[in-house]
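Q: After the structure tokens below, expect a handful of questions from me.
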Amino acid sequence: METNQKTESAVQDSLLNSKLFSPMHLGRLTLAHRVVHAPVTRLRANADDSPSDMMVEYYRQRASPDGLIITESAHVSRNGRGYLGGPGIYNDFQLEGWRRIATAVHARGGHVFMQLAHDGRQSHVDLTDGTGPVAPSEVPFEGQALTHNGWVPVSPHRALTVDEIHVIIEEFRRSAERALAAGFDGVEFHSANGYLGDTFLQDGTNKRTDAYGGSLENRARFVLEAVAALVSVWGGDRVGVRISPSGQWGAISDSNPPATFSYLTEQLNQFGLAYLHIIEPRVKGTETLVEGQEPVAAAQLRPIFHGPIIVAGGFDRDGAEAILQRGDSDLVAFGRWFTSNPDLPKRLRLGLPLAPYVREAFWGGNEQDYTDFPAYSEPAAVAASVESASR
């Protein structure tokens, strides 16, 4: 009994000093804590790219009172897909599935933003109805796309015309309208991980010489016009933007990331955004995993951005608490740990054991290791530990 009382007292002391579990305002939302569900790609949509019953249940389980969920990427066009099983928001018939997700999250008192994306050159003709992937410029790279034939090399891409760029921006705007009609609380523009927005921004993939390439101002134009389109639907305080200043996914690169991302961040201030979502560089000891350049992290962009910042990047509770206490971020997004812990905010708050995640089930599959992870209980925790040890 005395041991239990000491444990409870330690938890209470920890919570008193915790910023992770303090409330805050995010745009029009009031959040009870700062644990955010990251936009994690899970690839379990129906064959027509509409959200599946599995997806509805997955997000329902992970909703918490006045907590924030950011969904996996919703593609704004048929030829913007890079992975079989990724959901779409490019057609009205897909609205009902998304509406069910929003309703399920709201029923548990949570809030939910939809991430909007175009995968650009990270695609294959089998996913784009034979039209071929698109990008700001033709810069060959060795990537892979997930098709009916499994993981295959991406198809050669082509450079977009200016008229086609305008069409894609309009697709983002129309998808934002659908997200609003589906009852979401906001949208996030995906300009990270080497997808279309990111490839326009960084000079390793943008070799254009027109209004969408060359100078920093021109390379940032696509992102800023797309964000403006979303804001025209939602208002700035219900729109977020995700960036990966030190990422290399999709063979992305830039000659001067600090200058590029500082400029973009400064320009984003004009919209009064709900947040800026930054994927942090991964670090082992004192050596970053990003080679050949200084990493750009939230600490460098914090003085520039005028609104709340969300960070993501493999955080545990201690790491999340530390970056919040330093003031480099306002919220922390968790991805992998949310896949196996539907009640992650509660577990982090009370210091409960975390169920191990299953990498093999991250991208595609059925309900197994997706919606069958239980909320915490002593018997369930013991059973999960035994099962994990037997794998």
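Identifiers in this document derive from the order of the structure tokens: chains are assigned A, B, ..., residues are numbered from 1 separately in each chain, and ligands are numbered from 1 in order of occurrence.
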Got a sec: who's within 9 Å of region 144-151 of chain A, counting only C-alpha atoms, leaving out chain neighbours fewer than 6 positions off, as a ChimeraX atom specification?
A: /A:82-85,122-124,126-127,250
Q: Skipping near chain neighbours, those fewer than 3 positions away, what residues fall within 8 Å of region 176-193 of chain A using only C-alpha atoms, listed as a VMD selection string?
A: chain A and resid 70 73 89 92 95 to 96 98 to 99 102 to 103 111 to 118 172 to 173 196 to 198 223 226 to 227 230 233 to 234 238 to 245 247 to 250 252
Q: Which residues in region 142-348 of chain A does DSSP call strand (DSSP E or B)? List them as a ChimeraX atom specification.
A: /A:144-147,150-153,158-159,186-191,239-243,275-279,283-284,287-288,309-312,331-334
Q: Keeping only N, CA, C and O atoms, write the selected residues as a short mmCIF file (atom, residue, chain, number, x, y, z; two decimals), in the first residue's frame.
A:
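For reference, selection_9.cif as written:
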data_model
loop_
_atom_site.label_atom_id
_atom_site.label_comp_id
_atom_site.auth_asym_id
_atom_site.auth_seq_id
_atom_site.Cartn_x
_atom_site.Cartn_y
_atom_site.Cartn_z
N GLN A 144 10.67 4.16 -54.67
CA GLN A 144 9.75 3.06 -54.84
C GLN A 144 8.32 3.51 -54.54
O GLN A 144 8.09 4.41 -53.73
N ALA A 145 7.39 2.89 -55.23
CA ALA A 145 5.97 3.13 -55.00
C ALA A 145 5.29 1.79 -54.72
O ALA A 145 5.75 0.74 -55.20
N LEU A 146 4.22 1.83 -53.95
CA LEU A 146 3.49 0.60 -53.61
C LEU A 146 2.31 0.45 -54.56
O LEU A 146 1.41 1.29 -54.59
N THR A 147 2.32 -0.62 -55.36
CA THR A 147 1.27 -0.89 -56.33
C THR A 147 0.65 -2.26 -56.07
O THR A 147 1.01 -2.94 -55.11
N GLY A 150 3.14 -4.89 -55.50
CA GLY A 150 4.07 -4.68 -54.40
C GLY A 150 4.90 -3.42 -54.59
O GLY A 150 4.55 -2.53 -55.36
N TRP A 151 6.05 -3.37 -53.91
CA TRP A 151 6.93 -2.22 -54.02
C TRP A 151 7.72 -2.33 -55.32
O TRP A 151 8.41 -3.30 -55.57
N VAL A 152 7.58 -1.30 -56.16
CA VAL A 152 8.24 -1.30 -57.46
C VAL A 152 8.94 0.05 -57.66
O VAL A 152 8.57 1.05 -57.02
N PRO A 153 9.95 0.12 -58.53
CA PRO A 153 10.60 1.41 -58.81
C PRO A 153 9.59 2.42 -59.35
O PRO A 153 8.69 2.07 -60.12
N ARG A 158 7.55 13.72 -65.19
CA ARG A 158 7.73 14.84 -66.10
C ARG A 158 7.45 16.15 -65.36
O ARG A 158 6.81 16.16 -64.30
N ALA A 159 7.95 17.25 -65.94
CA ALA A 159 7.75 18.57 -65.34
C ALA A 159 6.35 19.09 -65.64
O ALA A 159 5.82 18.94 -66.75
N GLY A 186 -10.08 21.13 -39.22
CA GLY A 186 -9.08 21.88 -39.94
C GLY A 186 -8.35 20.97 -40.91
O GLY A 186 -8.65 19.77 -41.02
N VAL A 187 -7.40 21.53 -41.64
CA VAL A 187 -6.60 20.76 -42.59
C VAL A 187 -5.13 21.11 -42.43
O VAL A 187 -4.77 22.20 -41.97
N GLU A 188 -4.28 20.17 -42.81
CA GLU A 188 -2.83 20.36 -42.81
C GLU A 188 -2.30 20.18 -44.22
O GLU A 188 -2.61 19.17 -44.87
N PHE A 189 -1.50 21.13 -44.70
CA PHE A 189 -0.87 21.02 -46.01
C PHE A 189 0.44 20.25 -45.84
O PHE A 189 1.31 20.65 -45.08
N HIS A 190 0.58 19.15 -46.60
CA HIS A 190 1.77 18.30 -46.50
C HIS A 190 2.84 18.82 -47.46
O HIS A 190 2.79 18.59 -48.66
N SER A 191 3.81 19.53 -46.90
CA SER A 191 4.93 20.04 -47.69
C SER A 191 6.23 19.47 -47.14
O SER A 191 7.21 20.19 -46.92
N VAL A 239 -5.77 26.00 -40.38
CA VAL A 239 -4.86 25.40 -41.36
C VAL A 239 -3.48 25.26 -40.73
O VAL A 239 -2.98 26.18 -40.08
N GLY A 240 -2.86 24.09 -40.92
CA GLY A 240 -1.48 23.87 -40.51
C GLY A 240 -0.63 23.50 -41.71
O GLY A 240 -1.16 23.13 -42.77
N VAL A 241 0.67 23.57 -41.56
CA VAL A 241 1.61 23.20 -42.63
C VAL A 241 2.69 22.31 -42.04
O VAL A 241 3.24 22.61 -40.97
N ARG A 242 2.99 21.21 -42.74
CA ARG A 242 4.05 20.30 -42.30
C ARG A 242 5.26 20.41 -43.21
O ARG A 242 5.13 20.38 -44.43
N ILE A 243 6.46 20.53 -42.60
CA ILE A 243 7.71 20.61 -43.34
C ILE A 243 8.74 19.67 -42.73
O ILE A 243 8.62 19.27 -41.57
N TYR A 275 -0.86 26.27 -36.88
CA TYR A 275 0.43 25.75 -36.42
C TYR A 275 1.36 25.51 -37.60
O TYR A 275 0.93 25.43 -38.76
N LEU A 276 2.64 25.37 -37.27
CA LEU A 276 3.66 24.88 -38.19
C LEU A 276 4.15 23.55 -37.62
O LEU A 276 4.53 23.47 -36.45
N HIS A 277 4.12 22.52 -38.44
CA HIS A 277 4.46 21.16 -38.02
C HIS A 277 5.83 20.81 -38.59
O HIS A 277 5.99 20.69 -39.81
N ILE A 278 6.82 20.63 -37.73
CA ILE A 278 8.20 20.44 -38.15
C ILE A 278 8.67 19.03 -37.80
O ILE A 278 8.59 18.61 -36.64
N ILE A 279 9.17 18.31 -38.81
CA ILE A 279 9.78 17.01 -38.56
C ILE A 279 11.23 17.26 -38.17
O ILE A 279 12.02 17.80 -38.95
N VAL A 283 18.75 12.23 -34.28
CA VAL A 283 20.11 12.38 -33.75
C VAL A 283 20.51 11.13 -32.98
O VAL A 283 19.74 10.59 -32.21
N LYS A 284 21.73 10.66 -33.22
CA LYS A 284 22.33 9.59 -32.43
C LYS A 284 23.51 10.20 -31.69
O LYS A 284 24.53 10.54 -32.29
N GLU A 287 25.91 12.91 -33.29
CA GLU A 287 26.01 12.83 -34.75
C GLU A 287 24.62 12.77 -35.36
O GLU A 287 23.84 11.88 -35.06
N THR A 288 24.30 13.73 -36.21
CA THR A 288 22.99 13.68 -36.86
C THR A 288 23.01 12.63 -37.95
O THR A 288 24.06 12.24 -38.46
N ILE A 309 4.00 25.74 -32.68
CA ILE A 309 4.80 24.77 -33.42
C ILE A 309 4.55 23.38 -32.86
O ILE A 309 4.54 23.17 -31.65
N ILE A 310 4.33 22.43 -33.77
CA ILE A 310 4.27 21.00 -33.44
C ILE A 310 5.57 20.37 -33.96
O ILE A 310 5.99 20.67 -35.08
N VAL A 311 6.20 19.53 -33.16
CA VAL A 311 7.36 18.79 -33.64
C VAL A 311 7.05 17.30 -33.68
O VAL A 311 6.22 16.80 -32.91
N ALA A 312 7.71 16.61 -34.60
CA ALA A 312 7.61 15.15 -34.70
C ALA A 312 9.02 14.62 -34.94
O ALA A 312 9.89 15.36 -35.40
N LEU A 331 3.72 21.64 -29.01
CA LEU A 331 3.08 20.33 -28.97
C LEU A 331 4.04 19.32 -29.60
O LEU A 331 4.95 19.69 -30.35
N VAL A 332 3.80 18.03 -29.32
CA VAL A 332 4.64 16.97 -29.86
C VAL A 332 3.76 15.91 -30.51
O VAL A 332 2.81 15.42 -29.89
N ALA A 333 4.08 15.58 -31.75
CA ALA A 333 3.32 14.56 -32.48
C ALA A 333 4.01 13.21 -32.34
O ALA A 333 5.23 13.10 -32.52
N PHE A 334 3.22 12.20 -32.02
CA PHE A 334 3.71 10.84 -31.87
C PHE A 334 3.11 9.98 -32.97
O PHE A 334 1.90 10.03 -33.21
#
Q: Taking into account only C-alpha atoms, which residue in the set A:Arg219, A:His25, A:His33, A:Arg60 is nearest to Lys346 (chain A)?
A: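 Comparing A:Arg219, A:His25, A:His33, A:Arg60 against Lys346 (chain A), the winner is A:His33.
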Q: Need the shell around Ala63 (chain A): protein/DNA/RNA residues with any atom at most 9 Å away, counting only C-alpha atoms. Skip same-chain ones fewer than 5 positions apart. Format as a VMD selection string?
A: chain A and resid 37 68 to 69 104 to 112 342 to 343
Q: I'd like the neighbourhood of Asn79 (chain A) as a list in words, where a residue qualifies if any of its atoms comes within 9 Å (using only C-alpha atoms), though same-chain residues fewer than 2 positions away should be ignored.
A: His75, Val76, Ser77, Arg81, Gly82, His118, Asp119, Gly120, Ser123, Val125, Leu127, Thr128, Asp129, Gly130, Thr131, Gly132, Pro133 and Val134 of chain A
Q: Given the selection you just returned, output its residues as a file containing N, CA, C and O atoms, formatted as a PDB file, in the first residue's frame.
A:
ATOM      1  N   HIS A  75      -5.184  12.164 -50.467  1.00  0.00           N
ATOM      2  CA  HIS A  75      -4.701  12.656 -51.759  1.00  0.00           C
ATOM      3  C   HIS A  75      -5.742  13.533 -52.436  1.00  0.00           C
ATOM      4  O   HIS A  75      -6.922  13.205 -52.462  1.00  0.00           O
ATOM      5  N   VAL A  76      -5.265  14.645 -52.994  1.00  0.00           N
ATOM      6  CA  VAL A  76      -6.185  15.630 -53.576  1.00  0.00           C
ATOM      7  C   VAL A  76      -6.506  15.347 -55.040  1.00  0.00           C
ATOM      8  O   VAL A  76      -7.332  16.038 -55.635  1.00  0.00           O
ATOM      9  N   SER A  77      -5.850  14.345 -55.625  1.00  0.00           N
ATOM     10  CA  SER A  77      -6.170  13.958 -57.003  1.00  0.00           C
ATOM     11  C   SER A  77      -5.823  12.496 -57.206  1.00  0.00           C
ATOM     12  O   SER A  77      -5.000  11.921 -56.481  1.00  0.00           O
ATOM     13  N   ARG A  81      -1.466  10.075 -56.148  1.00  0.00           N
ATOM     14  CA  ARG A  81      -1.236   8.959 -55.229  1.00  0.00           C
ATOM     15  C   ARG A  81       0.147   8.333 -55.442  1.00  0.00           C
ATOM     16  O   ARG A  81       0.615   8.241 -56.573  1.00  0.00           O
ATOM     17  N   GLY A  82       0.774   7.910 -54.364  1.00  0.00           N
ATOM     18  CA  GLY A  82       2.054   7.231 -54.474  1.00  0.00           C
ATOM     19  C   GLY A  82       2.055   5.856 -53.840  1.00  0.00           C
ATOM     20  O   GLY A  82       3.029   5.118 -53.957  1.00  0.00           O
ATOM     21  N   HIS A 118      -0.216  15.714 -52.187  1.00  0.00           N
ATOM     22  CA  HIS A 118       0.003  15.228 -53.545  1.00  0.00           C
ATOM     23  C   HIS A 118       1.408  14.645 -53.525  1.00  0.00           C
ATOM     24  O   HIS A 118       2.373  15.331 -53.195  1.00  0.00           O
ATOM     25  N   ASP A 119       1.544  13.354 -53.886  1.00  0.00           N
ATOM     26  CA  ASP A 119       2.831  12.672 -53.728  1.00  0.00           C
ATOM     27  C   ASP A 119       3.827  12.993 -54.830  1.00  0.00           C
ATOM     28  O   ASP A 119       5.003  12.611 -54.735  1.00  0.00           O
ATOM     29  N   GLY A 120       3.384  13.667 -55.888  1.00  0.00           N
ATOM     30  CA  GLY A 120       4.322  14.118 -56.911  1.00  0.00           C
ATOM     31  C   GLY A 120       5.038  12.983 -57.606  1.00  0.00           C
ATOM     32  O   GLY A 120       4.431  12.017 -58.068  1.00  0.00           O
ATOM     33  N   SER A 123       5.672   8.109 -57.356  1.00  0.00           N
ATOM     34  CA  SER A 123       4.487   7.377 -57.791  1.00  0.00           C
ATOM     35  C   SER A 123       4.825   6.468 -58.973  1.00  0.00           C
ATOM     36  O   SER A 123       5.978   6.354 -59.391  1.00  0.00           O
ATOM     37  N   VAL A 125       2.929   4.628 -62.775  1.00  0.00           N
ATOM     38  CA  VAL A 125       1.817   4.728 -63.731  1.00  0.00           C
ATOM     39  C   VAL A 125       0.636   3.839 -63.352  1.00  0.00           C
ATOM     40  O   VAL A 125      -0.501   4.129 -63.721  1.00  0.00           O
ATOM     41  N   LEU A 127      -0.621   3.671 -60.545  1.00  0.00           N
ATOM     42  CA  LEU A 127      -1.397   4.423 -59.563  1.00  0.00           C
ATOM     43  C   LEU A 127      -1.995   5.693 -60.141  1.00  0.00           C
ATOM     44  O   LEU A 127      -2.896   6.280 -59.555  1.00  0.00           O
ATOM     45  N   THR A 128      -1.481   6.114 -61.287  1.00  0.00           N
ATOM     46  CA  THR A 128      -1.898   7.401 -61.853  1.00  0.00           C
ATOM     47  C   THR A 128      -2.676   7.225 -63.153  1.00  0.00           C
ATOM     48  O   THR A 128      -2.701   8.126 -63.997  1.00  0.00           O
ATOM     49  N   ASP A 129      -3.292   6.051 -63.313  1.00  0.00           N
ATOM     50  CA  ASP A 129      -4.088   5.751 -64.515  1.00  0.00           C
ATOM     51  C   ASP A 129      -3.276   5.913 -65.790  1.00  0.00           C
ATOM     52  O   ASP A 129      -3.791   6.323 -66.837  1.00  0.00           O
ATOM     53  N   GLY A 130      -1.993   5.615 -65.694  1.00  0.00           N
ATOM     54  CA  GLY A 130      -1.140   5.594 -66.867  1.00  0.00           C
ATOM     55  C   GLY A 130      -0.601   6.935 -67.311  1.00  0.00           C
ATOM     56  O   GLY A 130       0.130   7.015 -68.307  1.00  0.00           O
ATOM     57  N   THR A 131      -0.923   8.008 -66.588  1.00  0.00           N
ATOM     58  CA  THR A 131      -0.495   9.331 -67.037  1.00  0.00           C
ATOM     59  C   THR A 131       0.942   9.670 -66.649  1.00  0.00           C
ATOM     60  O   THR A 131       1.534  10.580 -67.213  1.00  0.00           O
ATOM     61  N   GLY A 132       1.494   8.967 -65.698  1.00  0.00           N
ATOM     62  CA  GLY A 132       2.863   9.224 -65.270  1.00  0.00           C
ATOM     63  C   GLY A 132       2.922  10.256 -64.161  1.00  0.00           C
ATOM     64  O   GLY A 132       2.141  11.209 -64.129  1.00  0.00           O
ATOM     65  N   PRO A 133       3.850  10.099 -63.218  1.00  0.00           N
ATOM     66  CA  PRO A 133       3.995  11.044 -62.110  1.00  0.00           C
ATOM     67  C   PRO A 133       4.454  12.416 -62.596  1.00  0.00           C
ATOM     68  O   PRO A 133       5.008  12.555 -63.686  1.00  0.00           O
ATOM     69  N   VAL A 134       4.214  13.424 -61.763  1.00  0.00           N
ATOM     70  CA  VAL A 134       4.591  14.799 -62.117  1.00  0.00           C
ATOM     71  C   VAL A 134       5.427  15.410 -61.001  1.00  0.00           C
ATOM     72  O   VAL A 134       5.396  14.974 -59.852  1.00  0.00           O
TER      73      VAL A 134
END
Q: Check region 229-382 of chain A with DSSP on the backbone and list each residue it calls helix (DSSP H, G or I), as number ranges by chain.
A: A: 229-234, 236-238, 257-271, 298-301, 317-326, 336-340, 344-350, 359-361, 378-382
Q: Could the residues in this selection be written to a file with C-alpha atoms, as a PDB file, in the first residue's frame?
A:
ATOM      1  CA  ALA A 229      -6.096  28.185 -51.290  1.00  0.00           C
ATOM      2  CA  LEU A 230      -6.693  26.221 -48.082  1.00  0.00           C
ATOM      3  CA  VAL A 231      -6.944  29.401 -46.035  1.00  0.00           C
ATOM      4  CA  SER A 232      -9.541  30.764 -48.455  1.00  0.00           C
ATOM      5  CA  VAL A 233     -11.769  27.859 -47.409  1.00  0.00           C
ATOM      6  CA  TRP A 234     -10.940  27.459 -43.734  1.00  0.00           C
ATOM      7  CA  GLY A 236      -5.778  30.697 -41.315  1.00  0.00           C
ATOM      8  CA  ASP A 237      -6.442  29.527 -37.763  1.00  0.00           C
ATOM      9  CA  ARG A 238      -7.770  26.181 -39.018  1.00  0.00           C
ATOM     10  CA  PRO A 257      18.259  24.513 -46.089  1.00  0.00           C
ATOM     11  CA  PRO A 258      18.563  27.164 -43.348  1.00  0.00           C
ATOM     12  CA  ALA A 259      17.907  29.964 -45.827  1.00  0.00           C
ATOM     13  CA  THR A 260      15.173  28.088 -47.680  1.00  0.00           C
ATOM     14  CA  PHE A 261      13.162  27.074 -44.633  1.00  0.00           C
ATOM     15  CA  SER A 262      13.700  30.341 -42.789  1.00  0.00           C
ATOM     16  CA  TYR A 263      12.265  32.189 -45.784  1.00  0.00           C
ATOM     17  CA  LEU A 264       9.276  29.850 -46.084  1.00  0.00           C
ATOM     18  CA  THR A 265       8.590  30.073 -42.354  1.00  0.00           C
ATOM     19  CA  GLU A 266       8.650  33.860 -42.428  1.00  0.00           C
ATOM     20  CA  GLN A 267       6.278  33.936 -45.399  1.00  0.00           C
ATOM     21  CA  LEU A 268       3.842  31.563 -43.682  1.00  0.00           C
ATOM     22  CA  ASN A 269       3.321  34.142 -40.939  1.00  0.00           C
ATOM     23  CA  GLN A 270       1.070  36.138 -43.272  1.00  0.00           C
ATOM     24  CA  PHE A 271      -1.672  33.504 -42.966  1.00  0.00           C
ATOM     25  CA  ALA A 298      12.456  23.725 -34.587  1.00  0.00           C
ATOM     26  CA  ALA A 299      14.978  25.609 -32.447  1.00  0.00           C
ATOM     27  CA  GLN A 300      16.139  27.531 -35.532  1.00  0.00           C
ATOM     28  CA  LEU A 301      12.625  28.285 -36.788  1.00  0.00           C
ATOM     29  CA  ARG A 317       7.783  11.142 -23.087  1.00  0.00           C
ATOM     30  CA  ASP A 318      11.039  12.518 -21.683  1.00  0.00           C
ATOM     31  CA  GLY A 319      12.140  13.884 -25.032  1.00  0.00           C
ATOM     32  CA  ALA A 320       8.744  15.474 -25.585  1.00  0.00           C
ATOM     33  CA  GLU A 321       8.760  17.084 -22.173  1.00  0.00           C
ATOM     34  CA  ALA A 322      12.285  18.381 -22.704  1.00  0.00           C
ATOM     35  CA  ILE A 323      11.608  20.138 -26.021  1.00  0.00           C
ATOM     36  CA  LEU A 324       8.455  21.718 -24.606  1.00  0.00           C
ATOM     37  CA  GLN A 325      10.287  22.935 -21.512  1.00  0.00           C
ATOM     38  CA  ARG A 326      13.016  24.453 -23.715  1.00  0.00           C
ATOM     39  CA  ARG A 336       4.833   4.845 -34.048  1.00  0.00           C
ATOM     40  CA  TRP A 337       3.787   4.735 -30.401  1.00  0.00           C
ATOM     41  CA  PHE A 338       0.233   5.696 -31.314  1.00  0.00           C
ATOM     42  CA  THR A 339      -0.002   2.719 -33.691  1.00  0.00           C
ATOM     43  CA  SER A 340       0.157   0.253 -30.802  1.00  0.00           C
ATOM     44  CA  LEU A 344      -1.240   6.861 -25.621  1.00  0.00           C
ATOM     45  CA  PRO A 345      -2.008  10.203 -23.895  1.00  0.00           C
ATOM     46  CA  LYS A 346      -3.249   8.338 -20.823  1.00  0.00           C
ATOM     47  CA  ARG A 347      -0.244   6.010 -20.775  1.00  0.00           C
ATOM     48  CA  LEU A 348       2.207   8.871 -21.083  1.00  0.00           C
ATOM     49  CA  ARG A 349       0.389  10.917 -18.455  1.00  0.00           C
ATOM     50  CA  LEU A 350       0.362   8.105 -15.890  1.00  0.00           C
ATOM     51  CA  ARG A 359       6.731  -2.432 -38.018  1.00  0.00           C
ATOM     52  CA  GLU A 360       5.494  -5.091 -40.428  1.00  0.00           C
ATOM     53  CA  ALA A 361       1.953  -3.744 -40.040  1.00  0.00           C
ATOM     54  CA  GLU A 378      -3.054  -4.981 -16.198  1.00  0.00           C
ATOM     55  CA  PRO A 379      -4.180  -8.325 -17.747  1.00  0.00           C
ATOM     56  CA  ALA A 380      -3.943  -6.929 -21.280  1.00  0.00           C
ATOM     57  CA  ALA A 381      -0.469  -5.521 -20.623  1.00  0.00           C
ATOM     58  CA  VAL A 382       0.775  -8.890 -19.404  1.00  0.00           C
TER      59      VAL A 382
END
Q: Select, from A:Gly272, A:Gly204, A:Gly27, A:Gly364, the residue with the minimum atom-to-atom distance to Val139 (chain A), counting only C-alpha atoms.
A: A:Gly204
Q: Give me, please, the distance in Å between CA of Val40 (chain A) and CA of Ser137 (chain A), quoted to one decimal.
A: 27.4 Å
Q: Select, from A:Arg42, A:His166, A:Lys19, A:Arg28, the residue with the minimum atom-to-atom distance to Tyr58 (chain A), counting only C-alpha atoms.
A: A:Arg42
Q: Looking at only C-alpha atoms, which of A:Glu171, A:Pro136, A:Arg121, A:Gly307 is the one that sits closest to Lys207 (chain A)?
A: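 When distances to Lys207 (chain A) are compared using only C-alpha atoms, the smallest one comes from A:Pro136.
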Q: Quick one: pull the distance between CA of Asn218 (chain A) and CA of Gly313 (chain A), Å, one decimal.
A: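 These atoms are spaced 28.9 Å apart.
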Q: Please measure the separation of CA of Tyr376 (chain A) and CA of Tyr357 (chain A), giving the value in Å to one decimal.
A: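 Taking CA of Tyr376 (chain A) and CA of Tyr357 (chain A), their separation equals 14.3 Å.
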